[in-house]
Each structure stands twice: as C-alpha cells, then as structure tokens.
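Chemist: Please read through the structure below; I'll follow up with questions.
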Amino acid sequence: MEPLRIEGVVAHGRRLGRQLGFPTANLRVDEEIAAEDGVYASWAEVDGVRYRAMSNLGCNPSVGGRERRLETHLFGFEGSLYGRRLSVVLWRKVRDERCFASVEELRVQIAADKEYIAKLR
C-alpha cells in the first residue's frame with residue numbers, strides 16, 4: 001500500500017480510547033477512501049509537529065460503532081486536539097479491524113498493537 005494522507009478537524013468521539021488508556025483524535029472519513037479498514041502504523045502532524053502514531057480506520061465493531069472514521073493515538077502527545085487540524089499518514093497496515101469478545105480483550109490488543117508499532121522503522 002502506498003502511504004495515504006487523511007486530513008481533517010478533530011471531532012469529539014465517545015471517549016472510549018481515553019477510557020482504555022489510549023486517547024484518540026477522531027477524524028470523519030469518506031466511505032470511498034482508498035484504504036482497507038484496519039489498524040495502521042501512522043504519522044500524525046499537528047501545528048507543524050510530527051508524532052509517531054497508531055490509527056484505526058473503520059467502524060469499531062467491538063463497541064457497536066456504525067460510522068466509519070479514523071481514530072489516531074499520537075505517541076507522546078499530551079493535551080487536547082478537539083477542533084484542531086490534524087494530518088495523518090497511514091504507512092503500514094498492521095492488522096484487520098475485528099470484533100473482540102470484550103472491551104478488556106480489545107484493550108489488551110491495542111496495547112500489543114502499540115508495542116509492535118513503536119518498534120517498526
């Protein structure tokens with residue numbers, strides 16, 4: 001896959017990422033966006049500063065989500081991104097999006113995804 005850039009203004013979500021220990025910046029995306037749903041190693045840029053990141057593109061089936069969106073967790077970022085412009089580059093797909101049996105199982109997988117993505121070069 002060629003790297004794909006998605007840009008937009010960060011919108012409020014359900015704050016599930018924060019509850020799981022992985023706060024995310026939520027961007028609305030077109031249904032026709034040329035990328036498969038899944039978890040990606042990514043880069044995110046806000047106010048000219050670039051962060052390593054992990055992103056989920058999809059509908060969040062584990063928590064009953066229906067709307068396709070991009071949720072990105074920026075490594076090392078602290079603060080609020082609501083209403084700010086964010087640019088995200090998806091550069092490597094890590095796994096498909098899937099439905100987990102419990103929120104705890106999802107949390108464990110997200111932690112493993114972050115650890116894996118942090119080691120990629």
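Lettering and numbering for the structure tokens are positional, with chains as A, B, ... in the shown order, residues counted from 1 in each chain, and ligands counted from 1 in the shown order.
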Write down as number ranges by chain the residues of chain A whose backbone DSSP state falls under strand (DSSP E).

Modeler: A: 4-9, 25-28, 38-46, 49-58, 69-74, 85-95

Chemist: Find the residues near Glu36 in chain A: any atom within 10 Å, counting only C-alpha atoms, skip ones fewer than 5 places away on the same chain, and give them as a VMD selection string.

Modeler: chain A and resid 1 57 to 58 93 96 to 97

Chemist: Could you go through range 15-116 of chain A and tell me which residues DSSP, when run on the backbone, assigns to helix (DSSP H, G or I), listing them as JSON, numbers by chain?

Modeler: {"A": [16, 17, 18, 19, 20, 61, 62, 63, 103, 104, 105, 106, 107, 108, 109, 110, 111, 112, 113, 114, 115, 116]}

Chemist: Write out as an mmCIF file with C-alpha atoms, in the first residue's frame the residues lying within 6 Å of Trp43 in chain A, counting only C-alpha atoms and excluding same-chain residues fewer than 2 positions away.

Modeler:
```cif
data_model
loop_
_atom_site.group_PDB
_atom_site.id
_atom_site.type_symbol
_atom_site.label_atom_id
_atom_site.label_comp_id
_atom_site.auth_asym_id
_atom_site.auth_seq_id
_atom_site.Cartn_x
_atom_site.Cartn_y
_atom_site.Cartn_z
ATOM 1 C CA TYR A 51 4.307 12.301 16.052
ATOM 2 C CA ARG A 52 4.551 8.555 15.626
ATOM 3 C CA ALA A 53 1.076 7.171 15.928
ATOM 4 C CA VAL A 88 -2.418 11.571 9.422
ATOM 5 C CA VAL A 89 -0.331 9.387 7.109
#
```

Chemist: Mind checking which residues fall within 7 Å of Arg68 in chain A, counting only C-alpha atoms, ignoring those fewer than 2 positions away in the same chain, and posting them as a PDB file with C-alpha atoms, in the first residue's frame?

Modeler:
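See out06.pdb below for the written result:
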```pdb
ATOM      1  CA  VAL A  29     -13.655   9.996   6.538  1.00  0.00           C
ATOM      2  CA  GLU A  31     -16.791   5.949   2.753  1.00  0.00           C
ATOM      3  CA  GLY A  58     -13.188   1.529  10.449  1.00  0.00           C
ATOM      4  CA  CYS A  59     -16.429   1.333  12.381  1.00  0.00           C
ATOM      5  CA  ARG A  66     -21.546   2.193  12.786  1.00  0.00           C
TER       6      ARG A  66
END
```
